[in-house]
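Here is the file structure_24.tsv (TSV, C-alpha atoms).
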chain	number	residue	atom	x	y	z
I	1	MET	CA	-39.36	-107.49	42.84
I	2	ASP	CA	-38.50	-111.21	43.17
I	3	GLU	CA	-38.34	-113.58	40.22
I	4	ARG	CA	-41.61	-115.39	40.94
I	5	LYS	CA	-43.57	-112.12	40.94
I	6	ILE	CA	-41.97	-111.09	37.64
I	7	VAL	CA	-42.79	-114.48	36.10
I	8	ASN	CA	-46.40	-114.32	37.29
I	9	ARG	CA	-46.82	-110.76	36.03
I	10	LEU	CA	-45.39	-111.61	32.60
I	11	SER	CA	-47.71	-114.60	32.37
I	12	ARG	CA	-50.81	-112.58	33.30
I	13	VAL	CA	-49.99	-109.83	30.82
I	14	GLY	CA	-49.24	-112.32	28.05
I	15	ILE	CA	-52.31	-114.49	28.54
I	16	LEU	CA	-54.83	-111.69	29.09
I	17	GLY	CA	-53.40	-109.50	26.31
I	18	ASN	CA	-53.45	-112.33	23.78
I	19	VAL	CA	-56.96	-113.49	24.66
I	20	LEU	CA	-58.38	-109.99	24.22
I	21	LEU	CA	-56.40	-109.32	21.05
I	22	ALA	CA	-57.25	-112.69	19.49
I	23	ALA	CA	-60.95	-112.15	20.15
I	24	PHE	CA	-60.80	-108.66	18.65
I	25	LYS	CA	-58.95	-109.83	15.53
I	26	LEU	CA	-61.20	-112.86	15.05
I	27	ILE	CA	-64.33	-110.71	15.15
I	28	ALA	CA	-62.70	-108.16	12.83
I	29	GLY	CA	-61.61	-110.91	10.44
I	30	ILE	CA	-65.03	-112.57	10.28
I	31	LEU	CA	-67.08	-109.38	10.06
I	32	GLY	CA	-64.52	-107.74	7.77
I	33	LYS	CA	-64.29	-110.74	5.40
I	34	SER	CA	-60.51	-111.13	5.77
I	35	GLY	CA	-58.90	-114.57	5.85
I	36	ALA	CA	-55.53	-112.99	6.64
I	37	MET	CA	-56.96	-111.37	9.77
I	38	VAL	CA	-58.59	-114.63	10.88
I	39	SER	CA	-55.18	-116.32	10.44
I	40	ASP	CA	-53.63	-113.50	12.45
I	41	ALA	CA	-56.18	-114.11	15.22
I	42	VAL	CA	-55.27	-117.80	15.34
I	43	HIS	CA	-51.62	-116.77	15.70
I	44	SER	CA	-52.49	-114.55	18.68
I	45	LEU	CA	-54.51	-117.38	20.23
I	46	SER	CA	-51.50	-119.71	19.96
I	47	ASP	CA	-49.54	-117.15	21.97
I	48	VAL	CA	-51.85	-117.83	24.93
I	49	PHE	CA	-50.64	-121.42	25.07
I	50	ALA	CA	-47.07	-120.24	24.45
I	51	THR	CA	-47.14	-117.93	27.46
I	52	PHE	CA	-48.68	-120.63	29.64
I	53	ILE	CA	-45.92	-123.09	28.67
I	54	ALA	CA	-43.23	-120.45	29.26
I	55	TRP	CA	-44.68	-119.77	32.71
I	56	ILE	CA	-44.69	-123.46	33.69
I	57	GLY	CA	-41.22	-124.04	32.21
I	58	VAL	CA	-39.62	-121.12	34.04
I	59	LEU	CA	-41.16	-122.05	37.39
I	60	LEU	CA	-40.03	-125.68	37.08
I	61	SER	CA	-36.53	-124.75	35.90
I	62	ARG	CA	-35.94	-122.60	38.99
I	63	GLN	CA	-36.48	-125.44	41.44
I	64	GLU	CA	-33.56	-126.18	43.75
I	65	GLU	CA	-31.24	-129.12	43.14
I	66	ASP	CA	-32.35	-132.40	44.69
I	67	ALA	CA	-31.02	-135.95	45.06
I	68	GLU	CA	-32.37	-137.02	41.66
I	69	HIS	CA	-31.30	-133.80	39.88
I	70	PRO	CA	-28.02	-132.70	41.49
I	71	TYR	CA	-27.25	-130.34	38.59
I	72	GLY	CA	-30.58	-128.53	38.89
I	73	HIS	CA	-33.58	-128.23	36.57
I	74	GLU	CA	-32.49	-125.50	34.14
I	75	ARG	CA	-32.98	-127.72	31.09
I	76	LEU	CA	-36.73	-127.78	31.72
I	77	GLU	CA	-36.74	-124.23	30.40
I	78	CYS	CA	-35.17	-125.52	27.18
I	79	VAL	CA	-37.95	-128.10	26.94
I	80	ALA	CA	-40.47	-125.28	27.29
I	81	SER	CA	-38.70	-123.25	24.59
I	82	LEU	CA	-38.69	-126.25	22.26
I	83	LEU	CA	-42.43	-126.74	22.82
I	84	LEU	CA	-42.97	-123.05	22.08
I	85	GLY	CA	-41.04	-123.39	18.83
I	86	LEU	CA	-43.10	-126.42	17.81
I	87	ILE	CA	-46.38	-124.65	18.63
I	88	LEU	CA	-45.28	-121.66	16.59
I	89	ALA	CA	-44.29	-123.92	13.68
I	90	GLY	CA	-47.68	-125.63	13.80
I	91	THR	CA	-49.44	-122.28	13.83
I	92	GLY	CA	-47.41	-121.05	10.86
I	93	ALA	CA	-48.10	-124.24	8.92
I	94	GLY	CA	-51.83	-123.91	9.58
I	95	ILE	CA	-51.85	-120.31	8.39
I	96	GLY	CA	-49.90	-121.28	5.28
I	97	TRP	CA	-52.30	-124.12	4.49
I	98	SER	CA	-55.23	-121.72	4.79
I	99	GLY	CA	-53.61	-119.40	2.23
I	100	VAL	CA	-52.78	-122.25	-0.16
I	101	ARG	CA	-56.33	-123.60	0.04
I	102	LYS	CA	-57.80	-120.24	-0.86
I	103	LEU	CA	-55.37	-119.72	-3.72
I	104	LEU	CA	-55.79	-123.16	-5.28
I	105	TRP	CA	-59.33	-124.28	-4.52
I	106	GLU	CA	-61.33	-121.34	-3.20
I	107	ARG	CA	-59.99	-118.56	-5.39
I	108	GLY	CA	-63.41	-117.65	-6.77
I	109	SER	CA	-64.84	-117.12	-3.28
I	110	ILE	CA	-62.21	-114.61	-2.11
I	111	GLU	CA	-63.96	-111.44	-0.97
I	112	ILE	CA	-62.63	-107.90	-0.67
I	113	PRO	CA	-62.18	-107.11	3.06
I	114	THR	CA	-63.82	-104.12	4.72
I	115	LEU	CA	-62.00	-101.36	6.61
I	116	LEU	CA	-62.44	-103.08	10.00
I	117	PRO	CA	-59.65	-105.73	9.64
I	118	LEU	CA	-57.30	-103.00	8.39
I	119	VAL	CA	-57.86	-101.08	11.64
I	120	ALA	CA	-57.49	-104.31	13.61
I	121	ALA	CA	-54.12	-104.96	11.95
I	122	LEU	CA	-52.83	-101.53	13.02
I	123	VAL	CA	-54.02	-102.07	16.60
I	124	SER	CA	-52.39	-105.51	16.64
I	125	ILE	CA	-49.04	-104.19	15.37
I	126	ALA	CA	-48.92	-101.56	18.14
I	127	VAL	CA	-50.10	-103.86	20.94
I	128	LYS	CA	-47.91	-106.84	20.03
I	129	GLU	CA	-44.77	-104.76	19.57
I	130	GLY	CA	-45.44	-103.28	23.02
I	131	MET	CA	-45.84	-106.78	24.47
I	132	PHE	CA	-42.59	-107.84	22.79
I	133	GLN	CA	-40.65	-104.97	24.34
I	134	TYR	CA	-42.21	-105.54	27.78
I	135	THR	CA	-41.65	-109.31	27.78
I	136	MET	CA	-38.11	-109.11	26.39
I	137	HIS	CA	-37.14	-106.49	29.01
I	138	TYR	CA	-38.04	-108.81	31.89
I	139	ALA	CA	-36.87	-111.97	30.06
I	140	LYS	CA	-33.37	-110.45	29.97
I	141	LYS	CA	-33.59	-109.60	33.67
I	142	LEU	CA	-34.56	-113.21	34.39
I	143	ASP	CA	-32.15	-114.55	31.75
I	144	SER	CA	-35.05	-116.75	30.67
I	145	ALA	CA	-34.85	-118.54	27.31
I	146	ALA	CA	-38.52	-119.52	27.57
I	147	PHE	CA	-39.73	-115.94	28.06
I	148	LYS	CA	-37.35	-114.70	25.37
I	149	ALA	CA	-39.01	-117.24	23.06
I	150	ASP	CA	-42.39	-115.99	24.26
I	151	ALA	CA	-41.32	-112.41	23.47
I	152	TRP	CA	-40.44	-113.51	19.93
I	153	HIS	CA	-43.91	-115.01	19.69
I	154	HIS	CA	-45.23	-111.49	20.31
I	155	ARG	CA	-42.84	-110.00	17.74
I	156	SER	CA	-43.78	-112.64	15.15
I	157	ASP	CA	-47.44	-111.77	15.75
I	158	ALA	CA	-46.64	-108.09	15.14
I	159	ILE	CA	-44.83	-109.06	11.93
I	160	SER	CA	-47.77	-111.20	10.83
I	161	SER	CA	-50.08	-108.26	11.46
I	162	ILE	CA	-47.88	-106.13	9.19
I	163	GLY	CA	-48.34	-108.80	6.53
I	164	SER	CA	-52.08	-108.76	7.18
I	165	PHE	CA	-52.18	-104.99	6.89
I	166	LEU	CA	-50.37	-105.02	3.54
I	167	GLY	CA	-52.46	-107.90	2.19
I	168	ILE	CA	-55.75	-106.38	3.29
I	169	GLY	CA	-54.72	-102.97	2.00
I	170	MET	CA	-53.86	-104.41	-1.43
I	171	ALA	CA	-57.13	-106.36	-1.45
I	172	LYS	CA	-59.07	-103.14	-0.82
I	173	LEU	CA	-57.23	-101.52	-3.73
I	174	GLY	CA	-58.71	-104.16	-6.03
I	175	TYR	CA	-56.37	-107.13	-5.62
I	176	PRO	CA	-58.30	-109.59	-3.38
I	177	ILE	CA	-55.79	-112.35	-4.12
I	178	MET	CA	-53.29	-110.47	-1.94
I	179	ASP	CA	-55.25	-111.41	1.20
I	180	PRO	CA	-54.39	-115.16	1.02
I	181	ILE	CA	-50.92	-114.32	-0.31
I	182	ALA	CA	-50.41	-112.31	2.89
I	183	SER	CA	-51.24	-115.50	4.83
I	184	LEU	CA	-48.42	-117.30	2.99
I	185	ILE	CA	-45.96	-114.50	3.78
I	186	ILE	CA	-47.02	-114.64	7.44
I	187	CYS	CA	-46.48	-118.42	7.38
I	188	VAL	CA	-42.87	-118.08	6.16
I	189	LEU	CA	-42.02	-115.43	8.76
I	190	ILE	CA	-43.49	-117.48	11.59
I	191	LEU	CA	-41.69	-120.65	10.50
I	192	LYS	CA	-38.36	-118.78	10.49
I	193	VAL	CA	-38.88	-117.60	14.09
I	194	ALA	CA	-40.00	-121.11	15.11
I	195	PHE	CA	-36.83	-122.61	13.62
I	196	ASP	CA	-34.56	-120.13	15.44
I	197	ILE	CA	-36.27	-120.73	18.79
I	198	SER	CA	-36.16	-124.52	18.40
I	199	ARG	CA	-32.52	-124.55	17.30
I	200	ASP	CA	-31.47	-122.44	20.30
I	201	ALA	CA	-33.36	-124.76	22.68
I	202	VAL	CA	-31.79	-127.90	21.18
I	203	ASN	CA	-28.29	-126.37	21.34
I	204	LYS	CA	-28.71	-125.64	25.04
I	205	MET	CA	-29.86	-129.22	25.68
I	206	LEU	CA	-26.84	-130.76	23.93
I	207	ASP	CA	-24.04	-129.28	26.07
I	208	THR	CA	-23.08	-126.95	23.22
I	209	SER	CA	-20.03	-124.78	23.90
I	210	CYS	CA	-20.53	-121.08	24.54
I	211	GLY	CA	-18.51	-120.09	21.47
I	212	LYS	CA	-15.02	-118.79	20.80
I	213	ALA	CA	-15.74	-115.16	21.72
I	214	PHE	CA	-17.00	-116.05	25.21
I	215	GLU	CA	-14.21	-118.58	25.80
I	216	GLN	CA	-11.53	-116.09	24.72
I	217	ARG	CA	-12.93	-113.51	27.14
I	218	LEU	CA	-13.08	-116.12	29.89
I	219	ARG	CA	-9.54	-117.34	29.15
I	220	ALA	CA	-8.14	-113.80	29.32
I	221	PHE	CA	-9.88	-113.19	32.64
I	222	ILE	CA	-8.63	-116.42	34.21
I	223	GLY	CA	-5.10	-115.90	32.90
I	224	ALA	CA	-4.98	-112.52	34.65
I	225	GLN	CA	-5.74	-114.01	38.09
I	226	GLY	CA	-2.94	-114.11	40.63
I	227	GLY	CA	-1.06	-117.40	40.83
I	228	VAL	CA	-2.25	-118.75	37.47
I	229	GLU	CA	0.86	-119.56	35.45
I	230	ARG	CA	-0.87	-121.17	32.50
I	231	ILE	CA	-4.24	-122.44	31.29
I	232	ASP	CA	-3.92	-126.05	30.15
I	233	LEU	CA	-7.58	-126.71	29.34
I	234	LEU	CA	-10.76	-124.67	29.10
I	235	ARG	CA	-14.15	-126.05	28.09
I	236	THR	CA	-17.61	-124.55	28.43
I	237	ARG	CA	-21.05	-126.06	28.01
I	238	GLN	CA	-24.52	-124.62	28.11
I	239	PHE	CA	-26.96	-126.12	30.59
I	240	GLY	CA	-30.26	-124.39	29.96
I	241	SER	CA	-29.71	-120.74	30.77
I	242	LYS	CA	-26.58	-121.54	32.82
I	243	ILE	CA	-22.96	-122.36	31.93
I	244	TYR	CA	-20.61	-124.99	33.30
I	245	VAL	CA	-16.85	-124.57	32.94
I	246	ASP	CA	-14.19	-127.32	32.99
I	247	LEU	CA	-10.76	-125.81	33.68
I	248	GLU	CA	-7.18	-126.95	34.16
I	249	ILE	CA	-4.67	-124.35	35.38
I	250	ALA	CA	-0.95	-124.64	36.05
I	251	VAL	CA	0.58	-123.15	39.21
I	252	LYS	CA	4.18	-123.09	40.45
I	253	SER	CA	5.31	-126.57	41.41
I	254	ASP	CA	7.14	-125.49	44.57
I	255	ILE	CA	4.16	-124.03	46.42
I	256	SER	CA	2.20	-125.93	49.07
I	257	LEU	CA	-1.01	-127.83	48.39
I	258	LEU	CA	-2.80	-125.32	50.60
I	259	ASP	CA	-1.58	-122.40	48.46
I	260	ALA	CA	-2.49	-124.21	45.21
I	261	HIS	CA	-5.95	-124.87	46.62
I	262	GLY	CA	-6.29	-121.20	47.56
I	263	ILE	CA	-5.45	-120.11	44.00
I	264	ALA	CA	-8.06	-122.51	42.59
I	265	GLU	CA	-10.69	-121.24	45.04
I	266	ARG	CA	-9.98	-117.60	44.16
I	267	VAL	CA	-10.23	-118.35	40.42
I	268	HIS	CA	-13.48	-120.25	41.00
I	269	SER	CA	-15.06	-117.39	42.95
I	270	ALA	CA	-13.78	-114.68	40.59
I	271	VAL	CA	-15.20	-116.41	37.49
I	272	GLU	CA	-18.63	-116.92	39.04
I	273	ARG	CA	-18.64	-113.31	40.23
I	274	GLU	CA	-17.56	-111.84	36.88
I	275	PHE	CA	-19.75	-114.12	34.75
I	276	PRO	CA	-23.16	-114.44	36.47
I	277	ASN	CA	-24.39	-117.10	34.03
I	278	VAL	CA	-21.60	-119.47	35.10
I	279	LYS	CA	-23.20	-121.84	37.58
I	280	HIS	CA	-20.07	-123.83	38.46
I	281	VAL	CA	-16.39	-124.10	37.59
I	282	MET	CA	-14.66	-127.48	37.93
I	283	ILE	CA	-10.92	-126.74	38.38
I	284	HIS	CA	-7.99	-129.14	38.18
I	285	VAL	CA	-4.56	-127.84	39.21
I	286	ASN	CA	-1.35	-128.92	37.42
I	287	PRO	CA	2.23	-128.17	38.54
I	288	LYS	CA	4.32	-125.89	36.32
I	289	GLU	CA	7.93	-127.02	36.36
I	290	GLU	CA	10.61	-124.34	36.40
I	291	GLU	CA	12.14	-125.40	33.07
I	292	GLU	CA	8.82	-125.09	31.26
Step by step, read the file and then write its structure as C-alpha cells.
Amino acid sequence: MDERKIVNRLSRVGILGNVLLAAFKLIAGILGKSGAMVSDAVHSLSDVFATFIAWIGVLLSRQEEDAEHPYGHERLECVASLLLGLILAGTGAGIGWSGVRKLLWERGSIEIPTLLPLVAALVSIAVKEGMFQYTMHYAKKLDSAAFKADAWHHRSDAISSIGSFLGIGMAKLGYPIMDPIASLIICVLILKVAFDISRDAVNKMLDTSCGKAFEQRLRAFIGAQGGVERIDLLRTRQFGSKIYVDLEIAVKSDISLLDAHGIAERVHSAVEREFPNVKHVMIHVNPKEEEE
C-alpha cells in the first residue's frame, strides 16, 4: 500500500471514529449528569480537528522539492504537529476550567452521575486505545511526526476516559465532588502530552542535533568504511522527519582526486542506505598526511 492510501485511511478512521465516539460520550454525559464525561466528549471532538490537521500536514510535507523549496517540505509536518499540540493544550485548559468552575462556584449544583457515563467511559477507553495502537503502527511505517502526535491524541483521550471512569465511579459511591476533580486530573494529563508534542515539533524546526547516541552510531559506521582514515567533523540536524549530515573525512594524501571522490561517494551512499531517515550527506574530503 502506498503512502497516500495509508494517510487517507488513517484520516478516515480517525475522523469517523472520533465523531461517533464524541457524539456517544456527549449524549452519555448530558443524560447521565456527568461533567467529566462531557469534558471527555469535548476532548474526543478536538481529536477530529487534530486528525484533519495531521492529514493536511503529512500530504503537504511529502511534496517534491521545487525551486522555492530546494530542501523539500518536511518541516510542514512539524508545523502540523505544533498546531496539534496547541489544540490539545487548549482542550486541556478548557476541561480544567470547567472543573475549577464547578468546584469553586457551582459546587452546590453537582449531581451524582448515572450508570450510563460509566459505561461510556469503558467503551471510550477500549476504542481510543485501539485507535492509538492502529495510528501509531502506521505512523511508524510512515515515520510521520504529525500522525504520531495524532496517535498520542488518541492515547490522551483514553487516559482522560480512565480519569472520567474513576471520577464518575467515586461520584456514584457518594462523592460527587470527584466528578469535577476528575476533570482537573484529565486537564493535567492532556497538558503534559501537549507539551511533549509541541517541544518535539519545535526541536525539529530548529535544526536540533540528533543526539550523542545516534551520532556515535553514525560515526562508528562511517569510520568502518573503506578508505576513511579519520573523521574530522560530524554534525547532524533534524529537518522535520528527516536528517541532514555534515561530514568531513580524511583520506590518504597520495591518492588521486578520482579515488578520493569515489570514497566520498561510497560513504554517502552507504550512510543513506543504512540510515533511511538521512536525506542527504554533505561530505568534505581532507588529505591525511603520512606523519599524522
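CA of Pro276 in chain I to CA of Lys242 in chain I spans 8.7 Å [interatomic distance, one decimal].
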Inset, instruction - Provide the CA of Glu129 in chain I to CA of Gly17 in chain I distance in Å, to one decimal place. - result: 11.9 Å
Legend entry - Point-to-point distance from CA of Cys210 in chain I to CA of Gly57 in chain I, Å rounded to tenths: 22.3 Å
Legend entry - Best match for closeness to Ile162 in chain I among I:Pro117, I:Pro176, I:Gly92, I:Gly223, counting all atoms listed in the file: I:Pro117
Inset, instruction - Rank I:Leu247, I:Val202, I:Ile283, I:Ile95 by their smallest atom-to-atom distance to Met37 in chain I, using only C-alpha atoms, and report the top residue only. - result: I:Ile95
Inset, instruction - Using all atoms listed in the file, collect all residues at a distance of at most 10 Å from (-50.0, -124.1, 9.2) as written in the file, then present them as a VMD selection string. - result: chain I and resid 39 43 88 to 100 183 to 184 187 to 188 190 to 191
Inset, instruction - Using only C-alpha atoms, find the one residue out of I:Val38, I:Met205, I:Leu173, I:Ala22 that sits nearest to Leu82 in chain I. - result: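 Of the candidates, the smallest distance to Leu82 in chain I is held by I:Met205.
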Please enclose the listed atoms of range 228-238 of chain I in an axis-aligned box, pad each side by 5 Å, and write out the centre and the three edge lengths in Å, rounded to one decimal, as AutoDock Vina command-line options.
--center_x -11.8 --center_y -122.7 --center_z 32.7 --size_x 35.4 --size_y 18.0 --size_z 19.5
At a cut-off of 12 Å, can you tabulate as CSV every residue of range 108-164 of chain I near range 45-51 of chain I together with its closest atom pair and the distance in Å to one decimal, using all atoms listed in the file and ordering rows by chain then number?
residue,atom,partner,partner_atom,distance
I:Lys128,CA,I:Asp47,CA,10.6
I:Met131,CA,I:Asp47,CA,11.3
I:Phe132,CA,I:Asp47,CA,11.6
I:Thr135,CA,I:Thr51,CA,10.2
I:Ala146,CA,I:Thr51,CA,8.8
I:Phe147,CA,I:Thr51,CA,7.7
I:Lys148,CA,I:Thr51,CA,10.5
I:Ala149,CA,I:Ala50,CA,8.7
I:Asp150,CA,I:Thr51,CA,6.0
I:Ala151,CA,I:Thr51,CA,9.0
I:Trp152,CA,I:Asp47,CA,10.0
I:His153,CA,I:Asp47,CA,6.4
I:His154,CA,I:Asp47,CA,7.3
I:Arg155,CA,I:Asp47,CA,10.7
I:Ser156,CA,I:Asp47,CA,10.0
I:Asp157,CA,I:Asp47,CA,8.5
I:Ala158,CA,I:Asp47,CA,11.7
Legend entry - Residue neighbourhood Ala182 in chain I, 6 Å, only C-alpha atoms, exclusion window fewer than 5 positions, as a list of chain:residue names: I:Gly163, I:Ser164, I:Gly167
Legend entry - Long-range neighbours of Arg62 in chain I as a PyMOL selection string, 9 Å cut-off, only C-alpha atoms, 6 positions minimum in chain: chain I and resi 72-74+76-77
Legend entry - Expected answer as number ranges by chain: all residues with atoms within 7 Å of (-46.4, -118.8, 33.1), only C-alpha atoms: I: 7-8, 11, 51-56
Inset, instruction - Name the residues in contact with Glu274 in chain I at a cut-off of 10 Å, using all atoms listed in the file, excluding same-chain residues fewer than 5 positions from it; report them as a list of chain:residue names. - result: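 Listing them by chain and then by number gives I:Leu218, I:Phe221, I:Ser269.
Contact shell of Asp259 in chain I at 12 Å (all atoms listed in the file; same-chain neighbours under 5 positions omitted): Gly226, Gly227, Val228, Val251, Lys252, Ser253, Asp254, Ala264, Glu265, Arg266 and Val285 of chain I.
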Inset, instruction - Go through I:Glu248, I:Asp40, I:Glu68, I:Glu215 and flag the residue nearest Phe275 in chain I, using all atoms listed in the file for the distances. - result: I:Glu215
Legend entry - Shortest interatomic distance to Met170 in chain I - which of I:Leu31, I:Ile112, I:Leu206, I:Ala270, counting all atoms listed in the file: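 Using all atoms listed in the file, the shortest distance to Met170 in chain I belongs to I:Ile112.
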Inset, instruction - Could you give me, as a ChimeraX atom specification, the residues within 6 Å of Ser81 in chain I, counting only C-alpha atoms and dropping anything in the same chain fewer than 2 positions from it? - result: /I:78-79,83-84,146,201
Those selected residues, please, written with C-alpha atoms and delivered as a PDB file, in the frame of the given file.
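Done, and the output landed in part-v3.pdb:
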ATOM      1  CA  CYS I  78     -35.170-125.520  27.180  1.00  0.00           C
ATOM      2  CA  VAL I  79     -37.950-128.100  26.940  1.00  0.00           C
ATOM      3  CA  LEU I  83     -42.430-126.740  22.820  1.00  0.00           C
ATOM      4  CA  LEU I  84     -42.970-123.050  22.080  1.00  0.00           C
ATOM      5  CA  ALA I 146     -38.520-119.520  27.570  1.00  0.00           C
ATOM      6  CA  ALA I 201     -33.360-124.760  22.680  1.00  0.00           C
TER       7      ALA I 201
END
Inset, instruction - Could you check which of I:Arg75, I:Pro180, I:Asn203, I:Thr208 is closest to Leu103 in chain I, using only C-alpha atoms? - result: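 Of all the options, I:Pro180 lies closest to Leu103 in chain I.
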